[in-house]
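Right, one structure below, let's go through it.
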Amino acid sequence: MSELMFQPVLPWPALVALFVLLVGGCVTLAVLTPARRTRWLLRAGALLVLAAAFTRPGVPLETASQSTAAAADVFVLVDTTASIVAEDYDGQRPRLDGVKEDMRSLLEQLPGARVSMVTFGSSAAVRVPLTTDHSAFASAIETVGPEVTLYSGGSSVTEARALLLERLAAAEEQNPDNARLVYYFGDGEQTASTAPESMSEIAAQIDGGAVFGYGTQSGGPMKETQSYYSTRDDGTYITDSTTGDRALSVIDEDQLRTIAADLGVDYHHRSAGTPFGTVHTAPQFEEKLVDAESFGGVTEYFWIPLLAVFAWIVVEATLALRRVRALARLHASPPVPSTAAPPAAGAPAAGSARPGVAPPVAAQQYAARPSTATLGASWTP
């Protein structure tokens, strides 16, 4: 059975203070007005029920679903150093354009597979964790871009090695029977002062993949990058600190072939004139049912005490309406005419006196006492 949980609409101290004040006021009025004690006590009870509703009681919602997924975990490594936007792909297009086109084509070859994207420059990061949501991966492809030029330094072509080993181990622990593939997209340009690390340790943990290289031997200039998502559009290029001319990035295919050999996979140089499917076809994997559980939701029960509160509001409204109608009838009643005979001509009116003479006591009492009709109209038992 799921454990009861609370998500109060106010912080606990504020919620407690508010209802202590309100309930305390009702109890005080119940003590001070004995004639209405029962009603004030009922109002205090209604406030306690409302306080229970404000705590928003509920239980975690457990949902289970089944879906099909290919028995494969695919890791895509993407170079995001400044050189990846060098303009020597398909003429003067950035290399990153070709990388994105090929990643989309690769994704189409992996129906049902779990896919993950790891980008690397001066550091490595998981952009998309392993997921069967290919639309999320496709969105990540659209937003991937080079690191900011101002913060970029020397980078290694094997910067993602340690992070990839960690993610592969986690994937194997979660789905030991799944195949694991690694695809590497980059230009092989090593700008770090140290030599690249060997990727051979990864070969024993994967079942396939490929390395794809982008760029030309003549090289291409690189625009400066102001944000992670785009290059500058004012024509500012990275310059050579020695000559002051535009710096050129040149593909290092020897480095890329070494990475492919370490991983035990094939290397392919990519150009715009060659469709991706003609150089590489991803293996097909058997699809299996996958049980997925989500504990993100909560079944709330605040509406149950609210029903009691609403019922009391209806009672209060009914009683108030009855009092309003009674007052309306009272003010609408016509006054009752007096039945006393009019005084004779020339005689003083009842209760009056001649100048200088006090009226009889009986007349004073009669004049001071309201008529029976008036008394009946102004007093209700």
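The chains in the structure tokens are called A, B, ... from first to last as shown; in each chain the residues are counted from 1, and the ligands are counted from 1 in the order shown.
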
Spatial neighbours of Ser83 of chain A, 9 Å, only C-alpha atoms, chain gap at least 2 places, as a list of chain:residue names: A:Asp79, A:Thr80, A:Thr81, A:Val85, A:Ala86, A:Glu87, A:Arg95, A:Pro146, A:Asp187, A:Glu189, A:Gly220, A:Pro221, A:Met222, A:Leu248, A:Ser249, A:Val250

Near-Pro305 of chain A list (12 Å; only C-alpha atoms; drop same-chain fewer than 6 positions) as JSON, numbers by chain: {"A": [45, 46, 47, 48, 49, 50, 51, 52, 53, 54, 55, 56, 57, 311, 312]}

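The nearest approach to Val27 of chain A among the residues A:Val78, A:Leu96, A:Ala44, A:Leu15, with only C-alpha atoms taken into account, belongs to A:Ala44.
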
Residue neighbourhood Leu263 of chain A, 9 Å, only C-alpha atoms, exclusion window fewer than 3 positions, as a PyMOL selection string: chain A and resi 182+199-204+206+208-211+258-260+266

Would you save the residues of that selection, restricted to N, CA and C atoms, as a tab-separated table (two decimals), in the first residue's frame?
```tsv
chain	number	residue	atom	x	y	z
A	182	VAL	N	28.86	2.30	-30.49
A	182	VAL	CA	29.43	3.63	-30.32
A	182	VAL	C	29.69	4.24	-31.69
A	199	MET	N	41.61	4.45	-26.89
A	199	MET	CA	40.20	4.06	-26.72
A	199	MET	C	40.04	2.55	-26.75
A	200	SER	N	41.16	1.81	-26.70
A	200	SER	CA	41.09	0.36	-26.85
A	200	SER	C	40.35	-0.31	-25.70
A	201	GLU	N	40.34	0.30	-24.54
A	201	GLU	CA	39.62	-0.30	-23.39
A	201	GLU	C	38.13	-0.39	-23.66
A	202	ILE	N	37.63	0.48	-24.51
A	202	ILE	CA	36.19	0.51	-24.80
A	202	ILE	C	35.80	-0.62	-25.74
A	203	ALA	N	36.75	-1.09	-26.57
A	203	ALA	CA	36.43	-2.09	-27.60
A	203	ALA	C	35.81	-3.34	-27.01
A	204	ALA	N	36.27	-3.77	-25.83
A	204	ALA	CA	35.75	-4.99	-25.22
A	204	ALA	C	34.33	-4.83	-24.71
A	206	ILE	N	31.83	-2.98	-26.35
A	206	ILE	CA	30.85	-2.63	-27.37
A	206	ILE	C	30.77	-3.73	-28.43
A	208	GLY	N	29.87	-2.85	-31.76
A	208	GLY	CA	29.93	-2.27	-33.09
A	208	GLY	C	29.85	-0.77	-33.05
A	209	GLY	N	29.72	-0.17	-34.23
A	209	GLY	CA	29.67	1.28	-34.35
A	209	GLY	C	30.47	1.73	-35.55
A	210	ALA	N	30.92	2.98	-35.53
A	210	ALA	CA	31.72	3.52	-36.64
A	210	ALA	C	32.29	4.87	-36.23
A	211	VAL	N	33.33	5.30	-36.96
A	211	VAL	CA	33.92	6.63	-36.78
A	211	VAL	C	33.74	7.37	-38.09
A	258	THR	N	43.03	5.89	-36.07
A	258	THR	CA	43.54	5.30	-34.82
A	258	THR	C	42.40	5.07	-33.84
A	259	ILE	N	41.51	6.05	-33.72
A	259	ILE	CA	40.36	5.90	-32.83
A	259	ILE	C	39.50	4.72	-33.29
A	260	ALA	N	39.25	4.62	-34.60
A	260	ALA	CA	38.44	3.52	-35.13
A	260	ALA	C	39.10	2.18	-34.86
A	266	ASP	N	34.81	0.53	-38.14
A	266	ASP	CA	35.27	1.10	-39.40
A	266	ASP	C	35.33	2.62	-39.34
```

Secondary structure check, alpha helix (DSSP H) residues of segment 19-209 of chain A, as a VMD selection string: chain A and resid 19 to 32 37 to 54 95 to 108 134 to 143 161 to 174 200 to 203
